[in-house]
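Asker: The structure follows.
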2 protein chains.
Amino acid sequence: MSEPLFQRVALIGIGLIGSSLAHNIRARKLAGHVAITTRRAATLARAEALGLGDSYHLDASDAVRDADLVILCVPVGSCGAVTKEIAGALRPGAIVSDVGSVKGAIVQQMQPHLPSHVHFVPAHPIAGTEQSGPDAGFLELFDNRWCILTPVEGTDEAAVAKLRAFWEACGSDVEIMTPEHHDLVLAIVSHVPHLIAYNIVGTAADLETVTQSEVVKFSASGFRDFTRIAASDPTMWRDVFLTNRDAVLEMLARFSEDLASLQRAIRWGDGETLFDLFTRTRAIRRGVIEAGQDTAKPDFGRDHSPAPSAPPTQTPED
Amino acid sequence: MSEPLFQRVALIGIGLIGSSLAHNIRARKLAGHVAITTRRAATLARAEALGLGDSYHLDASDAVRDADLVILCVPVGSCGAVTKEIAGALRPGAIVSDVGSVKGAIVQQMQPHLPSHVHFVPAHPIAGTEQSGPDAGFLELFDNRWCILTPVEGTDEAAVAKLRAFWEACGSDVEIMTPEHHDLVLAIVSHVPHLIAYNIVGTAADLETVTQSEVVKFSASGFRDFTRIAASDPTMWRDVFLTNRDAVLEMLARFSEDLASLQRAIRWGDGETLFDLFTRTRAIRRGVIEAGQDTAKPDFGRDHSPAPSAPPTQTPED
């Protein structure tokens, strides 16, 4: 039997991403020991009940002691404080990483606290669902999904290669780019789409001319797709917008400019402008499917007869 | 064996909705005869090869002659011209309906051409996928979905009841409202969501700082949901925006106003405003699922390992 990649992995935070990592590390034997830590005792107890790790710690320093890989799986806004807390317990040579959706701010917040004897390799797995908490994780989450690593200049190459091997073992394809470029890419493919989904759901809820029950009832005409995205974790997403401010505002300005031009086309009955855009966007969908980033099945392969009284989707957030 | 609801149903246009209706009428024996007509000979031949009807006509007047139910399944912008064309061939007592996503304009465009001896009952099934053409239809499309009827004042109640029975037999729940209210509801639950999905996909395609291949590659982070909606039929959607102009512009103004306020919250680091909205929107998602309008499965129950080289989603449009 071959040696696992790491002796001891510490997972700080055990929500959707943390618990999915735990499933992967155990199933694929990527570490000799998985230490789990999270702030709330109830969440930690739930992780233990689910058997996600080998040891469970309320004190993050206990979890990271002797770990050769430490992954912060907490909202971006908490990464600085957590790093400060664990810095003194980090073992020389350990790889310290994260899973945050923003990378420039992560580097700014974590780097100053880290001792020079560890290797800092920020990471972002492009994978998720609208659910959160330790029950939400599953083994296949990272399959065929991209994981972006954003090591700062001068990072030890062997550490980067080892973290790459870890994510590849979890099923991901790995790409390396600068934190700044990552934040621009994610602003357009993720942050602004989430913002406009949250926004349209809010706009709909506030109308006086159309009732909320009508909005819910007739949501199958497009709106329901947006409600799924707008059910994503509020803390995580607040932090994303606060920490990737510049890139989000830049992309948002372009979005609004383009929307104003569509609005004008509608007002003036300019069908050609509308038709041209609507034709051009079909090609992008084709690209997404050909790249294996979505299913080709109509309507996401969605079940066309959902049970009328299914349980709510949310689980408590760590 | 009980009599079918109708003797002869004429379907004008055989795209996603028309072909799904054909499947329903045949499987549930809702008519003695299904006459299919469409402009393009190739599409008509395809419908015949799929065995969707009992007779096939390039001339719409031939199809509607002797029909006691005529349903226009063509883009909203074509309904006026088609009605003018068939008006002289309509049988006294026939019910004339449509499936358009806009209802005020449908009444304005169809009503003036219709003889007084037919019953005009506009309809809108709230169901669809991003695919189009005669191959796209399937039996279950209308299951548990709403169909809205918008009869104008003074319409024969027996005709409305008969069309309601038809849609219920296709699996739909039926609701009746005015054309004006329908257009407001759909503007917010469908038309504006489609517009902003088309818009964000267009914005992403036009960036210089992020390449199109990066947009496609990392689309699983939110963007891909928008690409599905933005792959919807261009002709149908152009017509929707041109014909539901006032309601769309009103809802769009509210959307933009709300978005400007989120933009301001991001610029000024107002996390509370963001968090409050993101929490409020979760409740709407819960409502959608509890109302049976979407699956409770995470990520729409999407297959998490799509085949890397699936075929493109589009089929030619009628």
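Each chain of the structure tokens is named A, B, ... in the order shown, its residues numbered from 1; ligands are numbered from 1 in display order.
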Skip segment 8-21 of chain B itself and residues of its chain fewer than 4 positions away, then list as a ChimeraX atom specification all residues within 7 Å of it, counting only C-alpha atoms.
Answerer: /B:25,31-38,52,60,63-64,67-74,131-134,136-139,141,317-318
Asker: Write the selection just made, keeping N, CA, C and O atoms, as a short mmCIF file (atom, residue, chain, number, x, y, z; two decimals), in the first residue's frame?
Answerer:
data_model
loop_
_atom_site.label_atom_id
_atom_site.label_comp_id
_atom_site.auth_asym_id
_atom_site.auth_seq_id
_atom_site.Cartn_x
_atom_site.Cartn_y
_atom_site.Cartn_z
N ILE B 25 -51.88 15.06 -26.63
CA ILE B 25 -53.18 14.79 -27.26
C ILE B 25 -53.26 13.33 -27.68
O ILE B 25 -54.28 12.66 -27.48
N ALA B 31 -58.19 14.13 -28.60
CA ALA B 31 -58.84 14.54 -29.85
C ALA B 31 -58.93 13.35 -30.80
O ALA B 31 -58.06 12.46 -30.76
N GLY B 32 -59.95 13.36 -31.65
CA GLY B 32 -60.09 12.31 -32.65
C GLY B 32 -59.03 12.43 -33.74
O GLY B 32 -58.60 11.42 -34.31
N HIS B 33 -58.61 13.67 -34.01
CA HIS B 33 -57.68 13.92 -35.11
C HIS B 33 -56.77 15.10 -34.76
O HIS B 33 -57.25 16.11 -34.25
N VAL B 34 -55.49 14.96 -35.01
CA VAL B 34 -54.56 16.07 -34.80
C VAL B 34 -54.01 16.52 -36.16
O VAL B 34 -53.34 15.75 -36.86
N ALA B 35 -54.34 17.76 -36.54
CA ALA B 35 -53.84 18.32 -37.79
C ALA B 35 -52.68 19.25 -37.48
O ALA B 35 -52.79 20.14 -36.65
N ILE B 36 -51.55 19.02 -38.15
CA ILE B 36 -50.36 19.82 -37.88
C ILE B 36 -50.01 20.66 -39.09
O ILE B 36 -50.01 20.18 -40.22
N THR B 37 -49.71 21.93 -38.82
CA THR B 37 -49.28 22.80 -39.91
C THR B 37 -48.12 23.65 -39.45
O THR B 37 -48.04 24.04 -38.29
N THR B 38 -47.18 23.89 -40.36
CA THR B 38 -46.06 24.76 -40.05
C THR B 38 -45.52 25.30 -41.36
O THR B 38 -45.74 24.71 -42.43
N LEU B 52 -46.15 12.82 -35.11
CA LEU B 52 -46.79 13.68 -34.10
C LEU B 52 -48.28 13.91 -34.36
O LEU B 52 -49.02 14.27 -33.44
N ALA B 60 -52.05 26.56 -43.62
CA ALA B 60 -52.68 26.57 -42.29
C ALA B 60 -54.21 26.49 -42.39
O ALA B 60 -54.86 25.89 -41.52
N ALA B 63 -55.47 23.05 -42.36
CA ALA B 63 -55.37 22.39 -41.04
C ALA B 63 -56.53 22.79 -40.14
O ALA B 63 -57.09 21.96 -39.41
N VAL B 64 -56.94 24.05 -40.17
CA VAL B 64 -57.96 24.51 -39.21
C VAL B 64 -59.39 24.21 -39.68
O VAL B 64 -60.32 24.24 -38.87
N ALA B 67 -61.75 22.09 -37.61
CA ALA B 67 -61.20 21.89 -36.26
C ALA B 67 -62.10 22.56 -35.23
O ALA B 67 -62.58 23.68 -35.45
N ASP B 68 -62.34 21.88 -34.09
CA ASP B 68 -63.09 22.54 -33.02
C ASP B 68 -62.14 23.14 -31.97
O ASP B 68 -62.57 23.83 -31.05
N LEU B 69 -60.84 22.86 -32.10
CA LEU B 69 -59.84 23.57 -31.29
C LEU B 69 -58.63 23.89 -32.18
O LEU B 69 -58.07 23.00 -32.82
N VAL B 70 -58.26 25.16 -32.19
CA VAL B 70 -57.11 25.61 -32.98
C VAL B 70 -56.14 26.28 -32.01
O VAL B 70 -56.53 27.19 -31.27
N ILE B 71 -54.90 25.79 -31.97
CA ILE B 71 -53.92 26.40 -31.06
C ILE B 71 -52.72 26.92 -31.84
O ILE B 71 -52.03 26.15 -32.51
N LEU B 72 -52.49 28.21 -31.75
CA LEU B 72 -51.31 28.81 -32.38
C LEU B 72 -50.11 28.59 -31.47
O LEU B 72 -50.10 29.04 -30.33
N CYS B 73 -49.10 27.86 -31.98
CA CYS B 73 -47.89 27.59 -31.21
C CYS B 73 -46.70 28.22 -31.94
O CYS B 73 -45.68 27.57 -32.17
N VAL B 74 -46.86 29.48 -32.31
CA VAL B 74 -45.80 30.20 -33.04
C VAL B 74 -45.35 31.39 -32.18
O VAL B 74 -46.03 31.74 -31.22
N GLN B 131 -34.66 24.22 -25.21
CA GLN B 131 -34.57 23.61 -26.53
C GLN B 131 -35.77 23.98 -27.39
O GLN B 131 -36.81 24.40 -26.88
N SER B 132 -35.61 23.83 -28.70
CA SER B 132 -36.72 24.17 -29.58
C SER B 132 -36.81 23.18 -30.74
O SER B 132 -35.94 22.33 -30.91
N GLY B 133 -37.89 23.27 -31.50
CA GLY B 133 -38.08 22.38 -32.63
C GLY B 133 -38.92 21.16 -32.30
O GLY B 133 -39.17 20.87 -31.13
N PRO B 134 -39.40 20.44 -33.34
CA PRO B 134 -40.34 19.33 -33.14
C PRO B 134 -39.75 18.16 -32.35
O PRO B 134 -40.49 17.38 -31.75
N ALA B 136 -37.95 18.52 -29.69
CA ALA B 136 -37.74 18.94 -28.30
C ALA B 136 -38.91 18.59 -27.38
O ALA B 136 -38.76 18.53 -26.16
N GLY B 137 -40.10 18.35 -27.96
CA GLY B 137 -41.29 18.13 -27.14
C GLY B 137 -41.28 16.80 -26.39
O GLY B 137 -40.65 15.84 -26.82
N PHE B 138 -41.97 16.77 -25.25
CA PHE B 138 -42.14 15.52 -24.51
C PHE B 138 -43.42 15.57 -23.68
O PHE B 138 -43.92 16.65 -23.35
N LEU B 139 -43.90 14.39 -23.37
CA LEU B 139 -45.21 14.24 -22.74
C LEU B 139 -45.34 14.96 -21.39
O LEU B 139 -46.38 15.53 -21.08
N LEU B 141 -43.97 17.62 -20.14
CA LEU B 141 -43.59 19.03 -20.03
C LEU B 141 -44.55 19.86 -19.16
O LEU B 141 -44.12 20.74 -18.43
N GLU B 317 -35.02 25.83 -35.45
CA GLU B 317 -36.28 26.43 -34.99
C GLU B 317 -37.26 26.55 -36.16
O GLU B 317 -36.87 26.82 -37.29
N ASP B 318 -38.52 26.32 -35.87
CA ASP B 318 -39.55 26.46 -36.91
C ASP B 318 -39.71 27.90 -37.33
O ASP B 318 -39.97 28.73 -36.50
#
Asker: I'd like to know which of A:Leu207, A:Cys79, A:Ala165, A:Val240 is closest to Pro4 of chain A, using only C-alpha atoms.
Answerer: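 Closest to Pro4 of chain A of all the choices is A:Ala165.
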Asker: What does the distance between atom CA of Phe226 of chain B and atom CA of Ala197 of chain B come to in Å, to one decimal place?
Answerer: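 That distance, rounded to one decimal, is 5.0 Å.
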Asker: Find, counting only C-alpha atoms, the residue in B:Glu180, B:Gly93, B:Glu208, B:Glu130 that gets nearest to chain A.
Answerer: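 Going through B:Glu180, B:Gly93, B:Glu208, B:Glu130 one by one, the smallest distance to chain A is for B:Glu130.
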Asker: If we count only C-alpha atoms, what is near Ile284 of chain A at a cut-off of 10 Å, once residues fewer than 4 positions away on the same chain are taken out, given as a list in words?
Answerer: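 In the requested format, the answer is Thr279, Arg280, Val288, Ile289 and Glu290 of chain A; Val201, Gly202, Ala204, Ala205, Gln212, Ser213, Val215, Val216, Arg224, Thr227, Arg228, Ala230 and Ala231 of chain B.
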Asker: Would you mind exporting the chosen residues as a compact mmCIF listing (two decimals), in the first residue's frame, restricted to N, CA, C and O atoms?
Answerer:
# COMPACT_ATOMS: atom_id res chain seq x y z
N THR A 279 -28.79 35.39 -30.26
CA THR A 279 -28.20 34.35 -31.10
C THR A 279 -26.75 34.09 -30.66
O THR A 279 -26.30 32.96 -30.56
N ARG A 280 -26.06 35.20 -30.35
CA ARG A 280 -24.66 35.11 -29.94
C ARG A 280 -24.50 34.33 -28.63
O ARG A 280 -23.56 33.56 -28.47
N VAL A 288 -19.95 25.86 -23.17
CA VAL A 288 -19.98 25.36 -21.79
C VAL A 288 -20.23 23.85 -21.78
O VAL A 288 -19.58 23.10 -21.05
N ILE A 289 -21.13 23.41 -22.63
CA ILE A 289 -21.45 21.98 -22.68
C ILE A 289 -20.31 21.19 -23.30
O ILE A 289 -19.91 20.15 -22.78
N GLU A 290 -19.75 21.72 -24.39
CA GLU A 290 -18.63 21.03 -25.04
C GLU A 290 -17.42 20.93 -24.12
O GLU A 290 -16.65 19.98 -24.19
N VAL B 201 -24.45 37.08 -20.12
CA VAL B 201 -23.68 36.23 -21.02
C VAL B 201 -23.03 37.08 -22.11
O VAL B 201 -21.86 36.88 -22.46
N GLY B 202 -23.76 38.09 -22.58
CA GLY B 202 -23.19 39.02 -23.56
C GLY B 202 -22.04 39.83 -22.97
O GLY B 202 -20.98 39.98 -23.59
N ALA B 204 -20.06 39.04 -20.54
CA ALA B 204 -18.91 38.16 -20.34
C ALA B 204 -18.19 37.89 -21.66
O ALA B 204 -16.95 37.85 -21.70
N ALA B 205 -18.97 37.74 -22.72
CA ALA B 205 -18.35 37.43 -24.02
C ALA B 205 -17.53 38.60 -24.55
O ALA B 205 -16.62 38.41 -25.34
N GLN B 212 -12.78 34.41 -23.42
CA GLN B 212 -14.01 33.62 -23.54
C GLN B 212 -13.77 32.18 -23.08
O GLN B 212 -14.64 31.56 -22.49
N SER B 213 -12.56 31.67 -23.31
CA SER B 213 -12.32 30.29 -22.88
C SER B 213 -12.24 30.19 -21.36
O SER B 213 -12.65 29.19 -20.77
N VAL B 215 -14.08 32.09 -19.39
CA VAL B 215 -15.49 32.20 -18.98
C VAL B 215 -16.16 30.82 -19.06
O VAL B 215 -16.88 30.40 -18.16
N VAL B 216 -15.89 30.11 -20.14
CA VAL B 216 -16.49 28.79 -20.35
C VAL B 216 -15.95 27.79 -19.32
O VAL B 216 -16.70 27.03 -18.69
N ARG B 224 -22.91 29.25 -15.55
CA ARG B 224 -23.50 28.27 -16.48
C ARG B 224 -25.03 28.23 -16.39
O ARG B 224 -25.69 27.93 -17.37
N THR B 227 -26.23 30.69 -18.76
CA THR B 227 -26.05 30.33 -20.17
C THR B 227 -27.19 29.43 -20.65
O THR B 227 -27.56 29.47 -21.81
N ARG B 228 -27.75 28.60 -19.76
CA ARG B 228 -28.87 27.76 -20.17
C ARG B 228 -30.06 28.63 -20.58
O ARG B 228 -30.63 28.46 -21.66
N ALA B 230 -29.96 31.71 -21.43
CA ALA B 230 -29.57 32.55 -22.57
C ALA B 230 -29.40 31.73 -23.85
O ALA B 230 -28.98 32.25 -24.87
N ALA B 231 -29.72 30.43 -23.79
CA ALA B 231 -29.71 29.60 -25.00
C ALA B 231 -31.14 29.41 -25.50
O ALA B 231 -31.38 28.65 -26.43
Asker: Would you pick out the contacts of segment 247-250 of chain A at 8 Å or less, using only C-alpha atoms, so that residues sharing its chain but fewer than 6 positions from it are not included, and give the list as a ChimeraX atom specification?
Answerer: /A:183-184,187-188,191-192,241 /B:263,266-267
